[in-house]
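Raw model-v5.txt, compact mmCIF, C-alpha atoms:
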```txt
# COMPACT_ATOMS: atom_id res chain seq x y z
CA MET M 195 46.31 1.83 17.99
CA THR M 196 42.98 0.00 18.16
CA ASP M 197 42.81 -3.79 18.42
CA ARG M 198 41.51 -3.89 14.87
CA GLU M 199 44.42 -1.82 13.61
CA ALA M 200 46.85 -3.95 15.60
CA ASN M 201 45.38 -7.07 14.03
CA ARG M 202 45.61 -5.48 10.61
CA PHE M 203 49.26 -4.65 11.27
CA SER M 204 50.00 -8.17 12.49
CA ALA M 205 48.47 -9.61 9.35
CA ARG M 206 50.49 -7.19 7.23
CA ALA M 207 53.71 -8.09 9.06
CA ALA M 208 53.06 -11.80 8.59
CA ARG M 209 52.37 -11.27 4.91
CA TYR M 210 55.58 -9.33 4.45
CA ALA M 211 57.53 -12.02 6.25
CA ARG M 212 56.07 -14.63 3.89
CA VAL M 213 56.90 -12.56 0.82
CA GLY M 214 60.42 -11.93 2.14
CA ALA M 215 60.93 -15.67 2.55
CA ASN M 216 59.65 -16.31 -0.98
CA MET M 217 61.98 -13.71 -2.42
CA SER M 218 64.89 -15.02 -0.39
CA GLY M 219 64.21 -18.42 -1.93
CA VAL M 220 64.44 -16.95 -5.42
CA ALA M 221 67.71 -15.23 -4.45
CA ALA M 222 69.11 -18.45 -3.00
CA ARG M 223 68.38 -20.39 -6.19
CA LEU M 224 70.10 -17.70 -8.22
CA ALA M 225 73.14 -17.82 -5.95
CA GLY M 226 73.31 -21.62 -6.11
CA ALA M 227 73.01 -21.64 -9.89
CA ARG M 228 75.83 -19.15 -10.19
CA LEU M 229 78.04 -21.00 -7.68
CA PHE M 230 77.72 -24.34 -9.49
CA GLY M 231 77.73 -22.90 -13.01
CA LEU M 232 74.17 -24.02 -13.77
CA THR M 233 72.07 -22.50 -16.54
CA LEU M 234 69.31 -20.36 -15.07
CA ASP M 235 65.81 -19.99 -16.46
CA ARG M 236 65.52 -16.23 -15.96
CA GLY M 237 61.97 -16.14 -17.27
CA GLN M 238 60.87 -18.71 -14.70
CA ASN M 239 62.65 -16.90 -11.88
CA ALA M 240 61.08 -13.62 -12.98
CA MET M 241 57.62 -15.19 -12.73
CA GLU M 242 58.48 -16.56 -9.28
CA LEU M 243 59.58 -13.09 -8.17
CA ALA M 244 56.33 -11.59 -9.44
CA ALA M 245 54.39 -14.33 -7.65
CA ALA M 246 56.27 -13.56 -4.43
CA LEU M 247 55.30 -9.91 -4.72
CA GLY M 248 51.86 -10.40 -6.20
CA GLY M 249 50.09 -10.95 -2.88
CA LEU M 250 51.05 -7.48 -1.73
CA LYS M 251 49.38 -4.17 -2.39
CA GLY M 252 50.70 -0.75 -1.57
CA PRO M 253 54.16 0.81 -1.80
CA ILE M 254 56.02 -2.21 -3.19
CA MET M 255 53.87 -2.03 -6.32
CA LYS M 256 54.81 1.62 -6.78
CA VAL M 257 58.47 0.69 -6.36
CA ALA M 258 58.24 -2.28 -8.72
CA GLN M 259 56.59 -0.32 -11.49
CA LEU M 260 59.08 2.52 -11.06
CA LEU M 261 61.98 0.10 -11.46
CA ALA M 262 60.41 -1.33 -14.59
CA THR M 263 60.68 2.10 -16.28
CA ILE M 264 64.43 2.55 -15.71
CA PRO M 265 66.43 0.88 -18.50
CA ASP M 266 68.44 -2.04 -17.13
CA ALA M 267 67.69 -1.31 -13.47
CA LEU M 268 66.33 -4.87 -13.64
CA PRO M 269 66.69 -7.66 -16.20
CA ALA M 270 64.12 -7.41 -19.00
CA GLU M 271 62.33 -10.59 -17.86
CA TYR M 272 61.89 -9.15 -14.35
CA ALA M 273 60.73 -5.76 -15.61
CA ALA M 274 58.12 -7.39 -17.85
CA GLU M 275 56.68 -9.41 -14.95
CA LEU M 276 56.68 -6.48 -12.53
CA MET M 277 54.79 -4.30 -15.00
CA LYS M 278 51.90 -6.79 -14.77
CA LEU M 279 51.43 -6.17 -11.06
CA GLN M 280 48.53 -4.09 -9.85
CA SER M 281 49.34 -0.83 -8.09
CA GLU M 282 46.01 -0.17 -6.37
CA ALA M 283 45.37 -1.29 -2.81
CA PRO M 284 41.96 -2.59 -1.77
CA PRO M 285 39.89 0.31 -0.38
CA MET M 286 39.11 0.77 3.30
CA GLY M 287 35.49 0.19 4.25
CA TRP M 288 33.31 2.95 5.73
CA ALA M 289 33.64 1.74 9.34
CA PHE M 290 37.39 1.88 9.05
CA VAL M 291 37.32 5.27 7.27
CA LYS M 292 35.30 6.75 10.15
CA ARG M 293 37.89 5.62 12.68
CA ARG M 294 40.74 6.93 10.54
CA MET M 295 39.05 10.32 10.08
CA ALA M 296 38.33 10.57 13.82
CA ALA M 297 42.01 9.91 14.51
CA GLU M 298 42.97 12.77 12.18
CA LEU M 299 40.29 15.45 12.83
CA GLY M 300 38.72 14.40 16.14
CA ALA M 301 35.55 12.58 17.14
CA ASP M 302 33.36 15.37 15.73
CA TRP M 303 35.04 15.24 12.31
CA GLN M 304 31.78 14.76 10.38
CA THR M 305 30.49 18.13 11.62
CA LYS M 306 33.36 19.80 9.75
CA PHE M 307 31.87 18.78 6.39
CA ALA M 308 28.45 19.38 4.87
CA SER M 309 28.76 15.90 3.37
CA PHE M 310 31.38 13.18 3.04
CA GLY M 311 31.26 10.29 0.56
CA HIS M 312 31.13 6.85 2.14
CA HIS M 313 32.83 5.19 -0.80
CA PRO M 314 36.23 6.23 -2.16
CA ALA M 315 36.29 8.10 -5.45
CA ALA M 316 39.78 6.69 -6.11
CA ALA M 317 42.18 4.24 -4.46
CA ALA M 318 45.96 4.36 -4.82
CA SER M 319 49.04 2.74 -3.34
CA LEU M 320 49.30 4.79 -0.12
CA GLY M 321 45.79 6.11 0.44
CA GLN M 322 42.32 6.66 -0.97
CA VAL M 323 40.36 9.75 -1.99
CA HIS M 324 36.86 10.58 -0.78
CA ARG M 325 34.70 13.29 -2.27
CA ALA M 326 33.25 15.72 0.26
CA ARG M 327 31.53 19.10 0.42
CA ALA M 328 32.44 22.06 2.64
CA HIS M 329 29.83 24.07 4.52
CA ASP M 330 30.29 26.90 2.01
CA GLY M 331 29.38 24.52 -0.83
CA ALA M 332 32.91 23.97 -2.13
CA GLU M 333 33.56 20.48 -3.51
CA LEU M 334 36.53 18.77 -1.82
CA ALA M 335 38.89 15.87 -2.37
CA CYS M 336 40.02 14.21 0.88
CA LYS M 337 43.02 11.90 0.55
CA LEU M 338 43.23 9.62 3.58
CA GLN M 339 46.32 7.49 4.13
CA TYR M 340 45.90 3.78 4.78
CA PRO M 341 46.83 2.65 8.30
CA ASP M 342 50.29 1.35 9.11
CA MET M 343 51.75 2.78 5.91
CA GLN M 344 55.02 3.79 7.55
CA SER M 345 55.62 0.21 8.64
CA ALA M 346 54.53 -1.05 5.24
CA VAL M 347 56.91 1.29 3.43
CA GLU M 348 59.87 0.26 5.56
CA ALA M 349 59.02 -3.40 5.03
CA ASP M 350 58.68 -2.81 1.28
CA LEU M 351 62.01 -1.05 1.10
CA LYS M 352 63.59 -4.13 2.67
CA GLN M 353 61.97 -6.20 -0.07
CA LEU M 354 63.49 -3.74 -2.54
CA GLN M 355 66.92 -4.56 -1.17
CA LEU M 356 66.19 -8.22 -1.84
CA ILE M 357 65.19 -7.42 -5.43
CA PHE M 358 68.50 -5.62 -5.89
CA ALA M 359 70.35 -8.49 -4.23
CA ILE M 360 68.83 -10.81 -6.83
CA HIS M 361 69.84 -8.40 -9.57
CA ARG M 362 73.44 -8.22 -8.36
CA ARG M 363 73.74 -11.99 -8.86
CA MET M 364 72.90 -11.64 -12.55
CA ASP M 365 75.89 -9.67 -13.89
CA PRO M 366 74.03 -6.34 -13.96
CA VAL M 367 74.94 -3.46 -16.25
CA ILE M 368 73.59 -0.91 -13.76
CA ASP M 369 74.87 -0.45 -10.20
CA THR M 370 71.61 0.13 -8.30
CA THR M 371 73.13 1.57 -5.09
CA GLU M 372 72.10 5.17 -5.70
CA ILE M 373 68.78 4.12 -7.26
CA ALA M 374 67.86 2.39 -3.99
CA LYS M 375 68.72 5.49 -1.93
CA GLU M 376 66.68 7.76 -4.18
CA ILE M 377 63.62 5.53 -4.24
CA GLY M 378 63.72 5.16 -0.47
CA ALA M 379 63.92 8.93 0.08
CA ARG M 380 61.06 9.73 -2.31
CA ILE M 381 58.72 6.98 -1.06
CA ARG M 382 59.25 8.10 2.56
CA GLU M 383 58.45 11.68 1.54
CA GLU M 384 55.16 10.54 0.04
CA LEU M 385 54.00 9.41 3.49
CA ASP M 386 54.08 13.01 4.75
CA TYR M 387 50.87 14.68 3.63
CA ARG M 388 51.92 17.95 5.25
CA ARG M 389 54.85 17.97 2.84
CA GLU M 390 52.51 17.16 -0.03
CA ALA M 391 50.36 20.13 0.97
CA ARG M 392 53.45 22.33 0.68
CA HIS M 393 54.13 20.79 -2.75
CA VAL M 394 50.64 21.87 -3.82
CA MET M 395 51.35 25.41 -2.63
CA LEU M 396 54.65 25.33 -4.52
CA TYR M 397 52.90 24.39 -7.75
CA ARG M 398 50.29 27.10 -7.27
CA ILE M 399 53.19 29.57 -7.12
CA MET M 400 55.13 28.14 -10.07
CA LEU M 401 52.16 27.76 -12.45
CA ALA M 402 50.08 30.74 -11.33
CA ASP M 403 50.34 32.49 -14.72
CA ILE M 404 49.50 29.49 -16.92
CA ASP M 405 45.74 29.45 -17.56
CA ALA M 406 45.80 26.01 -19.20
CA ILE M 407 46.87 24.33 -15.94
CA ARG M 408 44.82 24.19 -12.75
CA VAL M 409 46.29 23.41 -9.34
CA PRO M 410 43.95 22.86 -6.36
CA ARG M 411 43.89 24.85 -3.14
CA VAL M 412 44.84 23.23 0.17
CA MET M 413 42.37 23.27 3.08
CA PRO M 414 44.85 23.37 6.00
CA GLU M 415 42.16 23.22 8.68
CA LEU M 416 41.00 19.89 7.20
CA SER M 417 44.48 18.44 6.63
CA THR M 418 47.00 16.60 8.78
CA GLY M 419 50.12 14.50 8.23
CA ARG M 420 47.92 11.61 7.04
CA LEU M 421 44.92 13.50 5.60
CA LEU M 422 45.12 15.99 2.74
CA THR M 423 42.05 17.99 1.77
CA LEU M 424 42.08 19.93 -1.51
CA ASP M 425 39.65 21.52 -3.93
CA TRP M 426 37.89 18.97 -6.09
CA LEU M 427 38.91 19.78 -9.66
CA GLU M 428 36.21 18.66 -12.07
CA GLY M 429 37.46 17.03 -15.23
CA ARG M 430 37.46 14.03 -17.53
CA ARG M 431 40.20 11.47 -18.01
CA LEU M 432 43.03 12.42 -20.32
CA LEU M 433 42.58 9.12 -22.17
CA ASP M 434 39.01 10.14 -23.07
CA HIS M 435 40.59 12.67 -25.45
CA ARG M 436 42.97 10.39 -27.35
CA ASP M 437 40.59 10.35 -30.32
CA ALA M 438 39.71 14.05 -30.16
CA ASP M 439 40.54 16.32 -33.08
CA LEU M 440 44.20 17.22 -33.54
CA ALA M 441 43.72 20.83 -32.38
CA THR M 442 42.35 19.60 -29.03
CA ARG M 443 45.11 17.03 -28.59
CA ASN M 444 47.73 19.65 -29.42
CA ARG M 445 46.21 22.09 -26.94
CA LEU M 446 46.34 19.48 -24.19
CA GLY M 447 49.85 18.47 -25.25
CA LYS M 448 51.08 22.05 -24.89
CA ALA M 449 49.55 22.24 -21.41
CA MET M 450 51.23 18.96 -20.42
CA PHE M 451 54.57 20.18 -21.74
CA ALA M 452 54.26 23.44 -19.80
CA ALA M 453 53.21 21.68 -16.59
CA TRP M 454 56.40 19.65 -16.63
CA TRP M 455 59.10 21.75 -18.33
CA TRP M 456 58.09 25.18 -17.02
CA SER M 457 58.45 24.14 -13.38
CA PHE M 458 61.72 22.34 -14.06
CA SER M 459 63.49 24.86 -16.29
CA ARG M 460 62.57 27.85 -14.12
CA TYR M 461 62.41 26.38 -10.61
CA GLY M 462 64.25 23.05 -10.72
CA VAL M 463 61.14 21.09 -9.72
CA ILE M 464 59.58 18.10 -11.45
CA HIS M 465 56.55 15.92 -10.96
CA GLY M 466 58.22 12.53 -10.63
CA ASP M 467 55.13 10.46 -11.40
CA PRO M 468 53.58 11.79 -14.63
CA HIS M 469 51.17 8.98 -15.42
CA LEU M 470 47.72 9.32 -16.95
CA GLY M 471 45.84 8.96 -13.66
CA ASN M 472 47.40 12.12 -12.24
CA TYR M 473 45.72 14.42 -14.75
CA THR M 474 42.20 15.26 -15.84
CA VAL M 475 40.99 17.65 -18.53
CA PHE M 476 38.80 20.66 -17.79
CA ASP M 477 36.41 22.34 -20.23
CA GLU M 478 35.42 25.91 -20.86
CA GLY M 479 32.32 26.54 -22.95
CA GLY M 480 32.15 22.83 -23.71
CA GLU M 481 35.67 22.80 -25.17
CA PRO M 482 38.57 20.89 -23.55
CA VAL M 483 41.09 23.64 -22.86
CA GLY M 484 43.50 22.53 -20.12
CA ILE M 485 44.60 20.02 -17.52
CA ASN M 486 44.09 19.58 -13.79
CA LEU M 487 47.12 18.42 -11.78
CA LEU M 488 45.83 16.04 -9.12
CA ASP M 489 48.63 14.40 -7.16
CA TYR M 490 51.69 15.97 -5.53
CA GLY M 491 53.24 13.19 -3.48
CA CYS M 492 56.17 12.41 -5.79
CA ILE M 493 57.81 15.79 -6.34
CA ARG M 494 61.57 16.10 -6.87
CA ILE M 495 63.34 19.39 -6.10
CA PHE M 496 66.77 19.61 -7.73
CA PRO M 497 69.77 21.81 -6.99
CA PRO M 498 69.88 24.56 -9.66
CA LYS M 499 73.13 23.14 -11.03
CA PHE M 500 71.28 19.96 -12.04
CA VAL M 501 68.98 22.10 -14.21
CA GLY M 502 72.16 23.52 -15.70
CA GLY M 503 73.26 20.00 -16.63
CA VAL M 504 69.97 19.36 -18.46
CA VAL M 505 70.24 22.62 -20.42
CA ASP M 506 73.95 22.10 -21.15
CA LEU M 507 73.31 18.58 -22.45
CA TYR M 508 70.62 19.91 -24.77
CA HIS M 509 72.95 22.56 -26.19
CA GLY M 510 75.85 20.11 -26.34
CA LEU M 511 73.84 17.60 -28.37
CA LEU M 512 72.36 20.34 -30.56
CA ARG M 513 75.75 21.83 -31.44
CA GLY M 514 77.83 18.65 -31.39
CA ASP M 515 79.88 20.12 -28.52
CA ASP M 516 81.45 17.10 -26.83
CA ASP M 517 83.04 19.16 -24.06
CA LEU M 518 79.66 20.58 -23.06
CA VAL M 519 78.08 17.11 -23.16
CA VAL M 520 80.77 15.72 -20.85
CA HIS M 521 80.37 18.72 -18.53
CA ALA M 522 76.62 18.01 -18.34
CA TYR M 523 77.14 14.36 -17.39
CA GLU M 524 79.68 15.38 -14.75
CA THR M 525 77.23 17.94 -13.39
CA TRP M 526 74.64 15.19 -13.02
CA GLY M 527 77.10 13.10 -11.03
CA PHE M 528 78.33 10.48 -13.50
CA LYS M 529 81.87 9.46 -12.62
CA ARG M 530 84.79 7.81 -14.41
CA LEU M 531 83.54 8.95 -17.79
CA SER M 532 85.33 7.12 -20.59
CA ARG M 533 84.77 7.69 -24.29
CA GLU M 534 82.80 4.44 -24.42
CA LEU M 535 80.55 5.41 -21.50
CA ILE M 536 79.92 8.86 -22.99
CA ASP M 537 78.93 7.31 -26.32
CA THR M 538 76.59 4.93 -24.48
CA LEU M 539 74.97 7.71 -22.44
CA ASN M 540 74.54 9.69 -25.64
CA ILE M 541 72.41 6.91 -27.15
CA TRP M 542 69.85 7.33 -24.38
CA ALA M 543 70.24 11.13 -24.26
CA ARG M 544 69.56 11.46 -28.00
CA PHE M 545 66.45 9.33 -27.56
CA ILE M 546 65.12 11.42 -24.65
CA TYR M 547 66.11 14.76 -26.22
CA GLY M 548 65.31 13.73 -29.80
CA PRO M 549 61.97 15.58 -30.15
CA LEU M 550 63.53 18.72 -28.61
CA LEU M 551 66.48 18.78 -31.01
CA GLU M 552 64.46 18.83 -34.25
CA ASP M 553 63.00 22.20 -35.24
CA ARG M 554 59.84 20.88 -36.89
CA VAL M 555 56.30 19.79 -36.10
CA ARG M 556 56.22 16.09 -35.27
CA SER M 557 54.59 13.54 -33.03
CA LEU M 558 56.69 12.18 -30.22
CA ALA M 559 57.00 8.72 -31.79
CA ASP M 560 57.44 10.24 -35.27
CA GLY M 561 56.34 7.19 -37.22
CA VAL M 562 57.62 4.57 -34.75
CA LYS M 563 54.99 2.23 -33.32
CA PRO M 564 54.28 3.27 -29.71
CA SER M 565 54.91 -0.30 -28.56
CA GLU M 566 58.39 -0.14 -30.14
CA TYR M 567 59.24 3.40 -29.05
CA GLY M 568 62.58 3.43 -27.24
CA ARG M 569 63.17 -0.33 -27.41
CA ARG M 570 65.96 -0.14 -29.98
CA GLU M 571 67.79 2.51 -27.98
CA ALA M 572 67.33 0.62 -24.70
CA PHE M 573 68.76 -2.52 -26.34
CA ARG M 574 71.78 -0.63 -27.67
CA VAL M 575 72.40 0.90 -24.25
CA HIS M 576 72.16 -2.52 -22.62
CA GLN M 577 74.62 -4.09 -25.05
CA ALA M 578 77.11 -1.24 -24.66
CA LEU M 579 76.93 -1.21 -20.85
CA LYS M 580 77.18 -4.98 -20.67
CA ALA M 581 80.53 -4.77 -22.45
CA ARG M 582 82.02 -2.34 -19.95
CA GLY M 583 80.65 -3.44 -16.54
CA PRO M 584 78.26 -1.92 -13.99
CA VAL M 585 77.67 1.83 -14.19
CA THR M 586 76.51 3.75 -11.12
CA VAL M 587 73.49 5.89 -11.94
CA PRO M 588 73.51 9.16 -9.92
CA ARG M 589 70.50 9.32 -7.63
CA GLU M 590 69.27 12.66 -8.98
CA PHE M 591 69.11 11.16 -12.45
CA VAL M 592 66.65 8.43 -11.39
CA PHE M 593 63.44 10.44 -11.19
CA MET M 594 64.45 12.78 -13.99
CA ASP M 595 64.70 9.80 -16.34
CA ARG M 596 61.59 8.15 -14.93
CA ALA M 597 59.57 11.36 -15.29
CA ALA M 598 60.76 11.93 -18.87
CA ILE M 599 59.66 8.39 -19.80
CA GLY M 600 56.32 8.90 -18.04
CA LEU M 601 55.70 12.21 -19.78
CA GLY M 602 56.61 10.58 -23.08
CA ALA M 603 53.98 7.90 -22.46
CA VAL M 604 51.34 10.61 -22.01
CA PHE M 605 52.33 12.16 -25.36
CA LEU M 606 52.25 8.76 -27.06
CA HIS M 607 48.63 8.38 -25.92
CA LEU M 608 47.69 11.93 -26.92
CA ARG M 609 49.37 11.69 -30.33
CA ALA M 610 49.90 15.44 -30.31
CA GLU M 611 51.85 16.94 -33.21
CA LEU M 612 53.92 19.86 -31.96
CA ASN M 613 57.19 21.66 -32.47
CA PHE M 614 58.79 20.41 -29.26
CA HIS M 615 61.98 22.30 -30.12
CA THR M 616 60.13 25.63 -30.07
CA LEU M 617 58.27 24.77 -26.86
CA PHE M 618 61.47 23.76 -25.08
CA ASN M 619 63.37 26.85 -26.17
CA ALA M 620 60.51 29.04 -24.92
CA ALA M 621 60.74 27.28 -21.54
CA ILE M 622 64.50 27.95 -21.24
CA GLU M 623 64.39 31.35 -22.94
CA ASP M 624 65.74 33.36 -20.00
CA TYR M 625 67.55 30.46 -18.33
CA SER M 626 70.53 31.07 -16.08
CA ILE M 627 71.70 29.36 -12.90
CA ASP M 628 71.29 32.61 -10.97
CA ARG M 629 67.68 33.07 -12.14
CA VAL M 630 66.76 29.45 -11.33
CA THR M 631 68.39 29.81 -7.91
CA ALA M 632 66.55 33.05 -7.11
CA ARG M 633 63.16 31.76 -8.31
CA GLN M 634 63.58 28.45 -6.53
CA HIS M 635 64.61 29.95 -3.21
CA ALA M 636 61.70 32.43 -3.26
CA ALA M 637 59.12 29.79 -4.21
CA LEU M 638 60.35 27.23 -1.68
CA ALA M 639 60.37 29.81 1.09
CA ALA M 640 56.81 30.86 0.23
CA ALA M 641 55.66 27.23 0.25
CA GLY M 642 57.51 26.39 3.48
CA LEU M 643 59.93 23.93 1.89
CA ASP M 644 63.65 23.49 2.45
CA ARG M 645 66.24 24.04 -0.27
CA PRO M 646 67.70 20.88 -1.82
```

Structure re-expressed in structure tokens:
Amino acid sequence: MTDREANRFSARAARYARVGANMSGVAARLAGARLFGLTLDRGQNAMELAAALGGLKGPIMKVAQLLATIPDALPAEYAAELMKLQSEAPPMGWAFVKRRMAAELGADWQTKFASFGHHPAAAASLGQVHRARAHDGAELACKLQYPDMQSAVEADLKQLQLIFAIHRRMDPVIDTTEIAKEIGARIREELDYRREARHVMLYRIMLADIDAIRVPRVMPELSTGRLLTLDWLEGRRLLDHRDADLATRNRLGKAMFAAWWWSFSRYGVIHGDPHLGNYTVFDEGGEPVGINLLDYGCIRIFPPKFVGGVVDLYHGLLRGDDDLVVHAYETWGFKRLSRELIDTLNIWARFIYGPLLEDRVRSLADGVKPSEYGRREAFRVHQALKARGPVTVPREFVFMDRAAIGLGAVFLHLRAELNFHTLFNAAIEDYSIDRVTARQHAALAAAGLDRP
């Protein structure tokens, strides 16, 4: 580690220590208020928590915004404040980029490219992307991890424990134990760019026959554990098409649906971070015809039986088969299922599955204002859970729910009008546990990934 990197790490460590102290202060006030029976201004404490976190960039922002999408993982006041935080880290300057690239590809790294952009084309929570060109003329995207990210992630995960400690003092309706484990596992995976390269290969296998979706190629000779070099996929932002004609929006909506549900229903794999920045739209003949998938850090591979739970819950809700619904929840890992808990889970399930259950053309929101979409259901779930005490959310459910909400947000922006029922049934047309198991094992082996 260079002196400059060491200094950078020291500054980061000091900053984390300061934030930890600030958050501990918030937790202490909450504990004191509860001990002495004082009324607590939750809105004020939420703002203080956001202020404690607001000086940080990087992984904690990713964690905070993830938590804000899981109903009742945090109190509403906290979720609202956390959603205001910025997720992008300040970019590394060129002098620092050169040192980082030399550490990954050697002192002669610049000779391995025909050109390499000095300024990042994009900055994210764990790294930044530079545009480059190969000697054969191919356009490249080079994602370079920020320094000291492993230390930063571990420090951030400790801050996450403090957030949950605060939450536990507020009579929570959700037991966050498994949520914390799942978030920690996925964030640590995102640090490993070699694993992300294998995720890219996996998606090339799974979506090879879908022309409306493009997945980049990996350049292994220009990639390491902290540098990932892929094809540069040319495209425009998905949001640029929100006012396009309905046929275009529907075409892009179908591609988005396939990108998510095809890989899950047939291989048990989801993209756990389906937000607008992870997709662009490509044209053919001047017409927007499909989507580019750009980021593969947050990929969740499920045991085939979990896919079975998703399909069983769909059929259970569709047919009014309570036994099948209960079996699905048990498959997912929910325990101590009472009639009251099942009814509560069904409120959220019917919201998530709602567009899939109705055999008609509709928008996702179906007449509900996008800003209100899901709020009524979330409130009903909160009230019902509050009456029965903390519920432990199985860890495999965390990113499934988060991804469904994220995908829904994309559809709300696109305003596509589709028969989601027909699309979903096409995705699960030849579903069986044995087929998912066989496809998954073959695809993971080809991509060099372990089975879940």

In Å and to one decimal, CA of Ala572 (chain M) is distant from CA of Phe358 (chain M) by 19.9 Å

| query | Could you pull the residues within 8 Å of Leu385 (chain M), counting only C-alpha atoms, minus those fewer than 6 positions along the same chain, as JSON, numbers by chain? | reply | {"M": [320, 339, 343, 344, 419, 420, 491]}

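The residue set within 8 Å of Trp426 (chain M), counting all atoms listed in the file and dropping same-chain residues fewer than 3 places from it, reads Arg325, Glu333, Leu334, Ala335 and Pro410 of chain M.
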
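Atom to atom, CA of Arg392 (chain M) and CA of Arg460 (chain M) stand 18.2 Å apart.
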
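Excluding Glu590 (chain M) and any residue on its chain fewer than 6 positions from it, the residues at most 8 Å away by only C-alpha atoms are Glu376, Phe496 and Trp526 of chain M.
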
For the interface of region 545-600 of chain M with region 604-619 of chain M (cut-off 6 Å, counting only C-alpha atoms), please tabulate each contacting residue of region 545-600 of chain M alongside its nearest pair of atoms and their separation in Å to one decimal, rows sorted by chain and increasing number, as a Markdown table.
```
| residue | atom | partner | partner_atom | distance |
| --- | --- | --- | --- | --- |
| M:Pro549 | CA | M:Phe614 | CA | 5.9 |
| M:Leu550 | CA | M:His615 | CA | 4.2 |
| M:Leu551 | CA | M:His615 | CA | 5.8 |
| M:Glu552 | CA | M:His615 | CA | 5.9 |
| M:Asp553 | CA | M:His615 | CA | 5.2 |
| M:Arg554 | CA | M:Asn613 | CA | 5.2 |
| M:Val555 | CA | M:Asn613 | CA | 4.2 |
| M:Arg556 | CA | M:Glu611 | CA | 4.9 |
| M:Ser557 | CA | M:Glu611 | CA | 4.4 |
```

What would the file look like if the residues just selected were written as an mmCIF file, keeping the file's coordinate frame with C-alpha atoms?
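What follows is the written file selection19.cif:
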```
data_model
loop_
_atom_site.group_PDB
_atom_site.id
_atom_site.type_symbol
_atom_site.label_atom_id
_atom_site.label_comp_id
_atom_site.auth_asym_id
_atom_site.auth_seq_id
_atom_site.Cartn_x
_atom_site.Cartn_y
_atom_site.Cartn_z
ATOM 1 C CA PRO M 549 61.970 15.580 -30.150
ATOM 2 C CA LEU M 550 63.530 18.720 -28.610
ATOM 3 C CA LEU M 551 66.480 18.780 -31.010
ATOM 4 C CA GLU M 552 64.460 18.830 -34.250
ATOM 5 C CA ASP M 553 63.000 22.200 -35.240
ATOM 6 C CA ARG M 554 59.840 20.880 -36.890
ATOM 7 C CA VAL M 555 56.300 19.790 -36.100
ATOM 8 C CA ARG M 556 56.220 16.090 -35.270
ATOM 9 C CA SER M 557 54.590 13.540 -33.030
#
```

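Counting all atoms listed in the file, the residue from M:Gly466, M:Gly378, M:Gly321, M:Gly311 that sits nearest to Leu421 (chain M) is M:Gly321.
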
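CA of Tyr397 (chain M) is positioned 7.9 Å from CA of Ser457 (chain M).
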
Restricting to all atoms listed in the file, whichever of M:Leu531, M:Leu351, M:Met295, M:Met400 is closest to His635 (chain M) is M:Met400

task = Find the spatial neighbours of Pro497 (chain M), counting all atoms listed in the file, within a cut-off of 10 Å - ignore same-chain residues fewer than 6 positions away - and output them as JSON, numbers by chain.
result = {"M": [461, 462, 463, 590, 627, 630, 631, 634, 645, 646]}

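Residues in contact range of region 481-487 of chain M, defined as at most 6 Å between all atoms listed in the file, with sequence neighbours fewer than 6 positions away removed, read Ala406, Ile407, Arg408, Val409, Leu446, Tyr473, Thr474 and Val475 of chain M.
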
Q) Within 10 Å of (46.7, 23.0, -2.8), in the coordinates the file gives, what residues turn up when you count all atoms listed in the file, written out as number ranges by chain? A) M: 390-398, 409-414, 422-425, 488-490

Local residues around (64.8, 2.3, 0.5), at most 7 Å away, using only C-alpha atoms, as a PyMOL selection string
chain M and resi 351-352+354+374-375+377-379
